[in-house]
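**Student:** Below is my_file_7.pdb; it holds PDB, C-alpha atoms, pLDDT in the B column.
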```pdb
ATOM      1  CA  MET A   1     125.953 106.835 104.390  1.00 58.00           C
ATOM      2  CA  SER A   2     128.037 107.987 101.461  1.00 74.00           C
ATOM      3  CA  ASP A   3     127.226 110.620  98.907  1.00 85.00           C
ATOM      4  CA  VAL A   4     126.794 107.953  96.202  1.00 87.00           C
ATOM      5  CA  TYR A   5     124.307 106.105  98.341  1.00 89.00           C
ATOM      6  CA  GLU A   6     122.336 109.292  98.868  1.00 91.00           C
ATOM      7  CA  LYS A   7     122.188 109.799  95.109  1.00 91.00           C
ATOM      8  CA  LEU A   8     120.998 106.226  94.694  1.00 93.00           C
ATOM      9  CA  GLU A   9     118.285 106.857  97.289  1.00 94.00           C
ATOM     10  CA  ALA A  10     117.234 110.032  95.481  1.00 91.00           C
ATOM     11  CA  LEU A  11     116.941 108.084  92.235  1.00 91.00           C
ATOM     12  CA  LEU A  12     114.946 105.309  93.884  1.00 92.00           C
ATOM     13  CA  ARG A  13     112.697 107.913  95.518  1.00 89.00           C
ATOM     14  CA  SER A  14     112.087 109.558  92.161  1.00 83.00           C
ATOM     15  CA  LEU A  15     111.125 106.123  90.828  1.00 84.00           C
ATOM     16  CA  GLY A  16     108.453 105.871  93.493  1.00 82.00           C
ATOM     17  CA  LEU A  17     110.144 103.929  96.302  1.00 90.00           C
ATOM     18  CA  LYS A  18     108.669 104.741  99.683  1.00 92.00           C
ATOM     19  CA  ARG A  19     110.669 105.927 102.678  1.00 94.00           C
ATOM     20  CA  THR A  20     110.054 102.694 104.568  1.00 96.00           C
ATOM     21  CA  GLU A  21     111.220 100.661 101.578  1.00 97.00           C
ATOM     22  CA  LEU A  22     114.437 102.679 101.498  1.00 97.00           C
ATOM     23  CA  ARG A  23     114.958 102.205 105.243  1.00 97.00           C
ATOM     24  CA  ILE A  24     114.626  98.432 104.820  1.00 98.00           C
ATOM     25  CA  TYR A  25     116.963  98.368 101.824  1.00 97.00           C
ATOM     26  CA  ARG A  26     119.537 100.476 103.667  1.00 96.00           C
ATOM     27  CA  LEU A  27     119.356  98.231 106.731  1.00 97.00           C
ATOM     28  CA  LEU A  28     119.907  95.085 104.671  1.00 97.00           C
ATOM     29  CA  LEU A  29     122.770  96.711 102.771  1.00 95.00           C
ATOM     30  CA  GLU A  30     124.460  97.685 106.032  1.00 94.00           C
ATOM     31  CA  LYS A  31     123.928  94.308 107.682  1.00 93.00           C
ATOM     32  CA  SER A  32     124.992  92.469 104.539  1.00 86.00           C
ATOM     33  CA  GLU A  33     123.575  89.237 105.921  1.00 92.00           C
ATOM     34  CA  PRO A  34     120.184  87.600 105.426  1.00 96.00           C
ATOM     35  CA  MET A  35     117.460  88.829 107.777  1.00 97.00           C
ATOM     36  CA  ARG A  36     114.009  87.576 108.668  1.00 95.00           C
ATOM     37  CA  ILE A  37     110.921  89.771 108.689  1.00 96.00           C
ATOM     38  CA  THR A  38     110.847  89.774 112.501  1.00 95.00           C
ATOM     39  CA  GLU A  39     114.496  90.853 112.683  1.00 96.00           C
ATOM     40  CA  ILE A  40     113.888  93.758 110.290  1.00 97.00           C
ATOM     41  CA  GLN A  41     110.814  94.664 112.299  1.00 97.00           C
ATOM     42  CA  ARG A  42     112.789  94.756 115.562  1.00 96.00           C
ATOM     43  CA  GLU A  43     115.609  96.848 114.065  1.00 96.00           C
ATOM     44  CA  LEU A  44     113.328  99.456 112.524  1.00 97.00           C
ATOM     45  CA  GLY A  45     110.541  99.446 115.086  1.00 96.00           C
ATOM     46  CA  ILE A  46     107.720  99.218 112.570  1.00 95.00           C
ATOM     47  CA  SER A  47     104.784  96.817 112.464  1.00 95.00           C
ATOM     48  CA  GLU A  48     105.203  93.321 111.076  1.00 95.00           C
ATOM     49  CA  ARG A  49     102.426  93.984 108.610  1.00 96.00           C
ATOM     50  CA  SER A  50     104.188  97.067 107.259  1.00 97.00           C
ATOM     51  CA  VAL A  51     107.531  95.236 107.015  1.00 97.00           C
ATOM     52  CA  ARG A  52     105.894  92.328 105.162  1.00 97.00           C
ATOM     53  CA  GLU A  53     104.219  94.671 102.715  1.00 97.00           C
ATOM     54  CA  HIS A  54     107.334  96.720 101.958  1.00 97.00           C
ATOM     55  CA  VAL A  55     109.662  93.722 101.793  1.00 97.00           C
ATOM     56  CA  LEU A  56     107.338  92.071  99.283  1.00 97.00           C
ATOM     57  CA  SER A  57     107.274  95.241  97.216  1.00 95.00           C
ATOM     58  CA  LEU A  58     111.097  95.461  97.256  1.00 96.00           C
ATOM     59  CA  TYR A  59     111.369  91.795  96.331  1.00 96.00           C
ATOM     60  CA  ARG A  60     109.009  92.266  93.384  1.00 93.00           C
ATOM     61  CA  LYS A  61     111.041  95.252  92.227  1.00 89.00           C
ATOM     62  CA  GLY A  62     114.204  93.133  92.264  1.00 91.00           C
ATOM     63  CA  ILE A  63     115.812  95.140  95.077  1.00 95.00           C
ATOM     64  CA  LEU A  64     115.820  92.324  97.618  1.00 97.00           C
ATOM     65  CA  ARG A  65     116.509  88.632  97.203  1.00 96.00           C
ATOM     66  CA  ARG A  66     114.902  85.970  99.341  1.00 97.00           C
ATOM     67  CA  ARG A  67     115.715  82.437 100.270  1.00 96.00           C
ATOM     68  CA  LEU A  68     113.496  79.847 101.952  1.00 95.00           C
ATOM     69  CA  ILE A  69     115.192  78.342 104.989  1.00 92.00           C
ATOM     70  CA  GLU A  70     114.245  75.896 107.686  1.00 89.00           C
ATOM     71  CA  GLN A  71     115.621  76.497 111.142  1.00 80.00           C
ATOM     72  CA  GLY A  72     113.020  75.211 113.559  1.00 84.00           C
ATOM     73  CA  TRP A  73     110.665  77.519 111.598  1.00 81.00           C
ATOM     74  CA  LEU A  74     110.234  77.595 107.853  1.00 90.00           C
ATOM     75  CA  GLY A  75     110.396  81.007 106.280  1.00 92.00           C
ATOM     76  CA  TYR A  76     112.155  83.485 104.068  1.00 95.00           C
ATOM     77  CA  VAL A  77     115.300  85.413 104.783  1.00 96.00           C
ATOM     78  CA  TYR A  78     116.061  88.538 102.762  1.00 97.00           C
ATOM     79  CA  THR A  79     119.262  90.096 101.454  1.00 97.00           C
ATOM     80  CA  ALA A  80     119.894  93.353  99.612  1.00 97.00           C
ATOM     81  CA  VAL A  81     120.748  93.275  95.933  1.00 96.00           C
ATOM     82  CA  THR A  82     123.923  95.384  95.412  1.00 94.00           C
ATOM     83  CA  PRO A  83     123.427  99.016  94.290  1.00 94.00           C
ATOM     84  CA  SER A  84     125.127  98.280  90.939  1.00 94.00           C
ATOM     85  CA  GLU A  85     122.786  95.390  90.240  1.00 95.00           C
ATOM     86  CA  VAL A  86     119.781  97.477  91.271  1.00 95.00           C
ATOM     87  CA  LEU A  87     120.847 100.189  88.818  1.00 95.00           C
ATOM     88  CA  GLU A  88     121.333  97.693  85.986  1.00 94.00           C
ATOM     89  CA  HIS A  89     117.965  96.171  86.731  1.00 91.00           C
ATOM     90  CA  ILE A  90     116.191  99.556  86.736  1.00 90.00           C
ATOM     91  CA  LYS A  91     117.891 100.614  83.537  1.00 92.00           C
ATOM     92  CA  GLU A  92     116.983  97.430  81.702  1.00 92.00           C
ATOM     93  CA  ASN A  93     113.378  97.488  82.880  1.00 89.00           C
ATOM     94  CA  LEU A  94     112.767 101.136  82.154  1.00 90.00           C
ATOM     95  CA  VAL A  95     114.423 101.097  78.762  1.00 93.00           C
ATOM     96  CA  LYS A  96     112.425  98.000  77.848  1.00 94.00           C
ATOM     97  CA  ARG A  97     109.156  99.540  79.042  1.00 92.00           C
ATOM     98  CA  ILE A  98     109.842 102.807  77.223  1.00 95.00           C
ATOM     99  CA  ASN A  99     110.842 101.053  73.999  1.00 94.00           C
ATOM    100  CA  GLU A 100     107.663  98.985  74.027  1.00 94.00           C
ATOM    101  CA  LEU A 101     105.579 102.084  74.590  1.00 94.00           C
ATOM    102  CA  GLU A 102     107.358 103.917  71.758  1.00 94.00           C
ATOM    103  CA  LYS A 103     106.603 101.033  69.430  1.00 94.00           C
ATOM    104  CA  GLU A 104     102.934 101.045  70.441  1.00 92.00           C
ATOM    105  CA  LEU A 105     102.755 104.806  69.943  1.00 90.00           C
ATOM    106  CA  LYS A 106     104.178 104.474  66.455  1.00 89.00           C
ATOM    107  CA  SER A 107     101.804 101.694  65.454  1.00 88.00           C
ATOM    108  CA  SER A 108      98.745 103.465  66.921  1.00 81.00           C
ATOM    109  CA  SER A 109      99.528 106.729  65.112  1.00 73.00           C
ATOM    110  CA  GLY A 110     100.085 104.672  61.971  1.00 62.00           C
ATOM    111  CA  GLN A 111      96.586 103.217  62.261  1.00 57.00           C
ATOM    112  CA  ARG A 112      95.081 106.665  62.585  1.00 50.00           C
ATOM    113  CA  ASN A 113      96.633 107.962  59.370  1.00 43.00           C
TER
ATOM    114  CA  MET B   1      91.962 108.279  75.871  1.00 58.00           C
ATOM    115  CA  SER B   2      93.668 105.339  74.229  1.00 74.00           C
ATOM    116  CA  ASP B   3      95.257 102.341  75.863  1.00 85.00           C
ATOM    117  CA  VAL B   4      98.717 103.588  74.867  1.00 87.00           C
ATOM    118  CA  TYR B   5      98.097 106.908  76.506  1.00 89.00           C
ATOM    119  CA  GLU B   6      97.029 105.162  79.687  1.00 91.00           C
ATOM    120  CA  LYS B   7     100.286 103.211  79.689  1.00 91.00           C
ATOM    121  CA  LEU B   8     102.198 106.444  79.185  1.00 93.00           C
ATOM    122  CA  GLU B   9     100.353 107.971  82.136  1.00 93.00           C
ATOM    123  CA  ALA B  10     101.132 104.925  84.269  1.00 91.00           C
ATOM    124  CA  LEU B  11     104.812 105.278  83.397  1.00 91.00           C
ATOM    125  CA  LEU B  12     104.819 108.995  84.161  1.00 92.00           C
ATOM    126  CA  ARG B  13     103.015 108.309  87.447  1.00 89.00           C
ATOM    127  CA  SER B  14     105.625 105.729  88.397  1.00 83.00           C
ATOM    128  CA  LEU B  15     108.274 108.367  87.661  1.00 84.00           C
ATOM    129  CA  GLY B  16     106.663 110.647  90.202  1.00 82.00           C
ATOM    130  CA  LEU B  17     104.371 112.875  88.109  1.00 90.00           C
ATOM    131  CA  LYS B  18     101.425 114.147  90.090  1.00 92.00           C
ATOM    132  CA  ARG B  19      97.794 113.722  89.070  1.00 94.00           C
ATOM    133  CA  THR B  20      97.383 117.439  88.412  1.00 96.00           C
ATOM    134  CA  GLU B  21     100.481 117.450  86.212  1.00 97.00           C
ATOM    135  CA  LEU B  22      99.005 114.601  84.182  1.00 97.00           C
ATOM    136  CA  ARG B  23      95.669 116.415  83.854  1.00 97.00           C
ATOM    137  CA  ILE B  24      97.451 119.476  82.504  1.00 98.00           C
ATOM    138  CA  TYR B  25      99.564 117.443  80.104  1.00 97.00           C
ATOM    139  CA  ARG B  26      96.509 115.546  78.863  1.00 96.00           C
ATOM    140  CA  LEU B  27      94.571 118.777  78.344  1.00 97.00           C
ATOM    141  CA  LEU B  28      97.376 120.333  76.305  1.00 97.00           C
ATOM    142  CA  LEU B  29      97.777 117.149  74.247  1.00 94.00           C
ATOM    143  CA  GLU B  30      94.069 117.116  73.462  1.00 94.00           C
ATOM    144  CA  LYS B  31      93.891 120.829  72.626  1.00 93.00           C
ATOM    145  CA  SER B  32      97.086 120.640  70.595  1.00 86.00           C
ATOM    146  CA  GLU B  33      97.339 124.426  70.584  1.00 92.00           C
ATOM    147  CA  PRO B  34      99.230 126.786  72.895  1.00 96.00           C
ATOM    148  CA  MET B  35      97.394 127.700  76.091  1.00 97.00           C
ATOM    149  CA  ARG B  36      97.910 130.364  78.741  1.00 95.00           C
ATOM    150  CA  ILE B  37      97.926 129.645  82.455  1.00 96.00           C
ATOM    151  CA  THR B  38      94.502 131.277  82.862  1.00 95.00           C
ATOM    152  CA  GLU B  39      93.034 129.151  80.074  1.00 96.00           C
ATOM    153  CA  ILE B  40      94.341 125.948  81.650  1.00 97.00           C
ATOM    154  CA  GLN B  41      93.004 127.112  84.977  1.00 97.00           C
ATOM    155  CA  ARG B  42      89.529 127.724  83.550  1.00 96.00           C
ATOM    156  CA  GLU B  43      89.418 124.349  81.768  1.00 97.00           C
ATOM    157  CA  LEU B  44      90.478 122.345  84.802  1.00 97.00           C
ATOM    158  CA  GLY B  45      88.885 124.422  87.538  1.00 96.00           C
ATOM    159  CA  ILE B  46      91.969 124.537  89.748  1.00 95.00           C
ATOM    160  CA  SER B  47      93.654 127.544  91.344  1.00 95.00           C
ATOM    161  CA  GLU B  48      96.032 129.705  89.350  1.00 95.00           C
ATOM    162  CA  ARG B  49      98.743 129.096  91.909  1.00 96.00           C
ATOM    163  CA  SER B  50      98.414 125.352  91.506  1.00 97.00           C
ATOM    164  CA  VAL B  51      98.415 125.587  87.693  1.00 97.00           C
ATOM    165  CA  ARG B  52     101.530 127.806  87.760  1.00 97.00           C
ATOM    166  CA  GLU B  53     103.349 125.404  90.036  1.00 97.00           C
ATOM    167  CA  HIS B  54     102.509 122.279  88.044  1.00 97.00           C
ATOM    168  CA  VAL B  55     103.100 123.890  84.660  1.00 97.00           C
ATOM    169  CA  LEU B  56     106.550 125.020  85.812  1.00 97.00           C
ATOM    170  CA  SER B  57     107.316 121.524  87.039  1.00 95.00           C
ATOM    171  CA  LEU B  58     106.211 120.012  83.692  1.00 96.00           C
ATOM    172  CA  TYR B  59     108.263 122.573  81.794  1.00 96.00           C
ATOM    173  CA  ARG B  60     111.368 121.761  83.846  1.00 93.00           C
ATOM    174  CA  LYS B  61     110.844 118.063  83.197  1.00 90.00           C
ATOM    175  CA  GLY B  62     110.717 118.723  79.453  1.00 91.00           C
ATOM    176  CA  ILE B  63     107.080 117.673  79.123  1.00 95.00           C
ATOM    177  CA  LEU B  64     105.764 121.102  78.147  1.00 97.00           C
ATOM    178  CA  ARG B  65     107.254 123.769  75.892  1.00 97.00           C
ATOM    179  CA  ARG B  66     106.651 127.449  76.378  1.00 97.00           C
ATOM    180  CA  ARG B  67     106.842 130.517  74.216  1.00 96.00           C
ATOM    181  CA  LEU B  68     106.784 134.158  75.247  1.00 95.00           C
ATOM    182  CA  ILE B  69     104.132 136.080  73.360  1.00 92.00           C
ATOM    183  CA  GLU B  70     102.774 139.588  73.423  1.00 90.00           C
ATOM    184  CA  GLN B  71      99.108 140.041  72.734  1.00 80.00           C
ATOM    185  CA  GLY B  72      98.027 143.016  74.761  1.00 84.00           C
ATOM    186  CA  TRP B  73      99.611 141.178  77.668  1.00 81.00           C
ATOM    187  CA  LEU B  74     103.098 139.682  77.753  1.00 90.00           C
ATOM    188  CA  GLY B  75     103.276 136.117  78.927  1.00 92.00           C
ATOM    189  CA  TYR B  76     103.966 132.488  78.221  1.00 95.00           C
ATOM    190  CA  VAL B  77     101.835 130.057  76.296  1.00 96.00           C
ATOM    191  CA  TYR B  78     102.372 126.346  76.765  1.00 97.00           C
ATOM    192  CA  THR B  79     102.188 123.363  74.437  1.00 97.00           C
ATOM    193  CA  ALA B  80     102.551 119.646  75.101  1.00 97.00           C
ATOM    194  CA  VAL B  81     105.671 117.850  73.957  1.00 96.00           C
ATOM    195  CA  THR B  82     104.584 114.756  71.983  1.00 94.00           C
ATOM    196  CA  PRO B  83     104.458 111.428  73.871  1.00 94.00           C
ATOM    197  CA  SER B  84     107.282 110.022  71.712  1.00 94.00           C
ATOM    198  CA  GLU B  85     109.534 112.950  72.521  1.00 95.00           C
ATOM    199  CA  VAL B  86     108.663 112.700  76.208  1.00 95.00           C
ATOM    200  CA  LEU B  87     109.638 109.028  76.185  1.00 95.00           C
ATOM    201  CA  GLU B  88     112.933 109.721  74.408  1.00 94.00           C
ATOM    202  CA  HIS B  89     113.686 112.491  76.867  1.00 91.00           C
ATOM    203  CA  ILE B  90     112.956 110.308  79.908  1.00 91.00           C
ATOM    204  CA  LYS B  91     115.006 107.439  78.530  1.00 92.00           C
ATOM    205  CA  GLU B  92     118.011 109.627  77.822  1.00 93.00           C
ATOM    206  CA  ASN B  93     117.885 111.350  81.189  1.00 89.00           C
ATOM    207  CA  LEU B  94     117.422 108.202  83.215  1.00 90.00           C
ATOM    208  CA  VAL B  95     120.072 106.230  81.378  1.00 93.00           C
ATOM    209  CA  LYS B  96     122.492 109.138  81.783  1.00 94.00           C
ATOM    210  CA  ARG B  97     121.731 109.484  85.481  1.00 92.00           C
ATOM    211  CA  ILE B  98     122.045 105.740  86.090  1.00 95.00           C
ATOM    212  CA  ASN B  99     125.306 105.488  84.133  1.00 95.00           C
ATOM    213  CA  GLU B 100     126.835 108.338  86.123  1.00 94.00           C
ATOM    214  CA  LEU B 101     125.784 106.719  89.365  1.00 94.00           C
ATOM    215  CA  GLU B 102     127.219 103.367  88.277  1.00 94.00           C
ATOM    216  CA  LYS B 103     130.512 105.044  87.498  1.00 94.00           C
ATOM    217  CA  GLU B 104     130.565 106.731  90.905  1.00 92.00           C
ATOM    218  CA  LEU B 105     129.730 103.447  92.614  1.00 90.00           C
ATOM    219  CA  LYS B 106     132.610 101.727  90.867  1.00 89.00           C
ATOM    220  CA  SER B 107     135.114 104.433  91.703  1.00 88.00           C
ATOM    221  CA  SER B 108     133.994 104.646  95.335  1.00 81.00           C
ATOM    222  CA  SER B 109     134.253 100.885  95.834  1.00 73.00           C
ATOM    223  CA  GLY B 110     137.644 101.047  94.103  1.00 62.00           C
ATOM    224  CA  GLN B 111     138.846 103.601  96.651  1.00 57.00           C
ATOM    225  CA  ARG B 112     137.790 101.349  99.496  1.00 50.00           C
ATOM    226  CA  ASN B 113     139.794  98.324  98.300  1.00 43.00           C
TER
END
```
Show me this structure written as structure tokens.
**Tutor:**
Amino acid sequence: MSDVYEKLEALLRSLGLKRTELRIYRLLLEKSEPMRITEIQRELGISERSVREHVLSLYRKGILRRRLIEQGWLGYVYTAVTPSEVLEHIKENLVKRINELEKELKSSSGQRN
Amino acid sequence: MSDVYEKLEALLRSLGLKRTELRIYRLLLEKSEPMRITEIQRELGISERSVREHVLSLYRKGILRRRLIEQGWLGYVYTAVTPSEVLEHIKENLVKRINELEKELKSSSGQRN
């Protein structure tokens, strides 16, 4: 993996992403095609339960996309959001969260005075 | 502690701050006067080594300030940076780091094409 990708991983780690989450994201980035839970599980050799948990967490953080498909079975397939989009997403969310908190801080210190 | 402070703690936790770091920051915010390592240690009942380590980490992250004083002994005293300043600092640093990474991503994908 490239130097830029390592920096991205370091950033995501510092934002609380777990090692397993990063392994899943890296796998999906490398494959660059939709994968099912069981396929991810086979590639990484971790339990289905753990894959499900981490994939859901990544999906909620906007780092993976999912699509419902029917192919004999009905289920989700997952793809990686591009690093650039992930960065934009993080920036927007964090800046928004921080700005809201700053506003609350100002109004609460205003009440005290 | 107020609701706003709890949100600030949640944000700092999600950015990787440890529980002991948050306890030290909270203590210094509440005291709102400079404290020495040994004073922090006594208040929180944790080892000096642990206090030193976490205080240094907080200082490097821009969450504590320190000042060298001589009062019989020569050493640092620490004060908490205000929540608003901490938020500004985090926002600036993260946005800067993300922007740099985005630029690197663009130039590295440009090289590939």
**Student:** List as a PyMOL selection string the protein and nucleic acid residues near segment 82-87 of chain A, meaning an atom at most 9 Å away when all atoms listed in the file are counted, but skip any in the same chain fewer than 6 places from it.
**Tutor:** (chain A and resi 5+8+29+62-64) or (chain B and resi 98-99+101-102+105-106)
**Student:** Counting all atoms listed in the file, which residues of chain B fall within 6 Å of chain A, and what is the closest atom pair for each with its distance in Å at one decimal, ordered by chain and rising number, as a tab-separated table?
**Tutor:**
```
residue	atom	partner	partner_atom	distance
B:Ser14	CA	A:Gly16	CA	5.8
B:Leu15	CA	A:Leu15	CA	4.8
B:Gly16	CA	A:Ser14	CA	5.9
```
**Student:** Kindly give the distance, in Å, that separates atom CA of Trp73 of chain A and atom CA of Val55 of chain A, rounded to a single decimal.
**Tutor:**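 Going from atom CA of Trp73 of chain A over to atom CA of Val55 of chain A, I get 19.0 Å.
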**Student:** Let's have chain A fitted on chain B; use all the C-alpha atoms paired in order for the least-squares step and return it as a short mmCIF file (atom, residue, chain, number, x, y, z; two decimals) with C-alpha atoms, in the frame of the given file.
**Tutor:**
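What ended up in result38.cif:
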```cif
data_model
loop_
_atom_site.label_atom_id
_atom_site.label_comp_id
_atom_site.auth_asym_id
_atom_site.auth_seq_id
_atom_site.Cartn_x
_atom_site.Cartn_y
_atom_site.Cartn_z
CA MET A 1 91.95 108.28 75.89
CA SER A 2 93.64 105.34 74.23
CA ASP A 3 95.23 102.35 75.85
CA VAL A 4 98.71 103.57 74.84
CA TYR A 5 98.08 106.90 76.48
CA GLU A 6 97.00 105.16 79.67
CA LYS A 7 100.25 103.19 79.66
CA LEU A 8 102.18 106.41 79.16
CA GLU A 9 100.33 107.95 82.11
CA ALA A 10 101.13 104.91 84.25
CA LEU A 11 104.81 105.25 83.37
CA LEU A 12 104.81 108.97 84.13
CA ARG A 13 103.02 108.29 87.42
CA SER A 14 105.63 105.70 88.36
CA LEU A 15 108.28 108.34 87.62
CA GLY A 16 106.66 110.63 90.17
CA LEU A 17 104.37 112.84 88.08
CA LYS A 18 101.43 114.13 90.07
CA ARG A 19 97.80 113.71 89.07
CA THR A 20 97.39 117.42 88.41
CA GLU A 21 100.48 117.43 86.21
CA LEU A 22 99.01 114.58 84.18
CA ARG A 23 95.67 116.39 83.86
CA ILE A 24 97.46 119.47 82.50
CA TYR A 25 99.56 117.42 80.09
CA ARG A 26 96.50 115.54 78.86
CA LEU A 27 94.57 118.78 78.35
CA LEU A 28 97.38 120.33 76.31
CA LEU A 29 97.77 117.15 74.25
CA GLU A 30 94.05 117.13 73.46
CA LYS A 31 93.89 120.84 72.65
CA SER A 32 97.08 120.66 70.60
CA GLU A 33 97.34 124.44 70.62
CA PRO A 34 99.24 126.79 72.92
CA MET A 35 97.41 127.73 76.11
CA ARG A 36 97.94 130.37 78.76
CA ILE A 37 97.97 129.64 82.48
CA THR A 38 94.55 131.28 82.91
CA GLU A 39 93.06 129.17 80.11
CA ILE A 40 94.36 125.95 81.68
CA GLN A 41 93.04 127.14 85.02
CA ARG A 42 89.55 127.75 83.59
CA GLU A 43 89.43 124.38 81.81
CA LEU A 44 90.50 122.35 84.83
CA GLY A 45 88.93 124.43 87.58
CA ILE A 46 92.01 124.55 89.77
CA SER A 47 93.71 127.54 91.37
CA GLU A 48 96.07 129.71 89.36
CA ARG A 49 98.79 129.09 91.91
CA SER A 50 98.47 125.33 91.52
CA VAL A 51 98.45 125.57 87.71
CA ARG A 52 101.56 127.78 87.76
CA GLU A 53 103.38 125.38 90.04
CA HIS A 54 102.53 122.25 88.05
CA VAL A 55 103.12 123.85 84.65
CA LEU A 56 106.56 124.98 85.80
CA SER A 57 107.33 121.48 87.02
CA LEU A 58 106.22 119.97 83.68
CA TYR A 59 108.26 122.53 81.78
CA ARG A 60 111.37 121.72 83.82
CA LYS A 61 110.83 118.02 83.17
CA GLY A 62 110.71 118.69 79.42
CA ILE A 63 107.06 117.64 79.10
CA LEU A 64 105.76 121.07 78.13
CA ARG A 65 107.24 123.72 75.88
CA ARG A 66 106.66 127.42 76.39
CA ARG A 67 106.85 130.47 74.23
CA LEU A 68 106.82 134.13 75.27
CA ILE A 69 104.17 136.08 73.39
CA GLU A 70 102.84 139.60 73.45
CA GLN A 71 99.16 140.08 72.80
CA GLY A 72 98.12 143.10 74.81
CA TRP A 73 99.69 141.17 77.73
CA LEU A 74 103.15 139.67 77.79
CA GLY A 75 103.33 136.10 78.96
CA TYR A 76 104.00 132.47 78.24
CA VAL A 77 101.86 130.06 76.31
CA TYR A 78 102.39 126.33 76.77
CA THR A 79 102.18 123.34 74.44
CA ALA A 80 102.54 119.62 75.10
CA VAL A 81 105.65 117.82 73.95
CA THR A 82 104.56 114.72 71.95
CA PRO A 83 104.43 111.39 73.85
CA SER A 84 107.25 109.98 71.69
CA GLU A 85 109.50 112.91 72.49
CA VAL A 86 108.63 112.67 76.18
CA LEU A 87 109.62 108.99 76.15
CA GLU A 88 112.91 109.70 74.38
CA HIS A 89 113.65 112.47 76.82
CA ILE A 90 112.93 110.28 79.87
CA LYS A 91 114.99 107.44 78.49
CA GLU A 92 117.99 109.63 77.77
CA ASN A 93 117.85 111.35 81.14
CA LEU A 94 117.39 108.22 83.19
CA VAL A 95 120.03 106.22 81.36
CA LYS A 96 122.45 109.12 81.74
CA ARG A 97 121.70 109.50 85.45
CA ILE A 98 122.01 105.76 86.07
CA ASN A 99 125.26 105.50 84.11
CA GLU A 100 126.79 108.35 86.08
CA LEU A 101 125.75 106.75 89.34
CA GLU A 102 127.19 103.39 88.26
CA LYS A 103 130.49 105.06 87.48
CA GLU A 104 130.54 106.78 90.87
CA LEU A 105 129.72 103.50 92.60
CA LYS A 106 132.60 101.79 90.85
CA SER A 107 135.09 104.52 91.70
CA SER A 108 133.95 104.74 95.34
CA SER A 109 134.24 100.98 95.87
CA GLY A 110 137.64 101.16 94.19
CA GLN A 111 138.80 103.73 96.74
CA ARG A 112 137.70 101.53 99.60
CA ASN A 113 139.73 98.53 98.45
#
```
**Student:** Evaluate the PyMOL selection byres ((chain B and resi 78) around 7) here and jot the selected residues down as a PyMOL selection string.
**Tutor:** chain B and resi 34-36+64-67+76-77+79-80
**Student:** Hey, can I get the axis-aligned box for segment 19-22 of chain B? All listed atoms, 6 Å padding on each side, centre and edge lengths in Å to one decimal, as AutoDock Vina command-line options.
**Tutor:**
```
--center_x 98.9 --center_y 115.6 --center_z 86.6 --size_x 15.1 --size_y 15.7 --size_z 16.9
```
**Student:** Figure out the distance between atom CA of Arg42 of chain B and atom CA of Glu6 of chain B, please, to one decimal in Å.
**Tutor:**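 Separating atom CA of Glu6 of chain B from atom CA of Arg42 of chain B is a distance of 24.1 Å.
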**Student:** How many Å lie between atom CA of Thr20 of chain A and atom CA of Ser32 of chain A, rounded to one decimal?
**Tutor:**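 For atom CA of Thr20 of chain A relative to atom CA of Ser32 of chain A, the distance reads 18.1 Å.
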**Student:** Using all atoms listed in the file, which residue out of B:Lys18, B:Leu28, B:Ile69, B:Glu33 lies closest to Ser50 of chain B?
**Tutor:**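 Of all the options, B:Lys18 lies closest to Ser50 of chain B.
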**Student:** Name the residues within 6 Å of (103.4, 117.7, 85.5), counting only C-alpha atoms in the file's coordinates, and put them as a PyMOL selection string.
**Tutor:** chain B and resi 17+21-22+54+57-58
**Student:** Using all atoms listed in the file, find the one residue out of A:Lys31, A:His89, A:Arg60, A:Arg23 that sits nearest to Gly45 of chain A.
**Tutor:**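 Nearest candidate to Gly45 of chain A out of A:Lys31, A:His89, A:Arg60, A:Arg23: A:Arg23.
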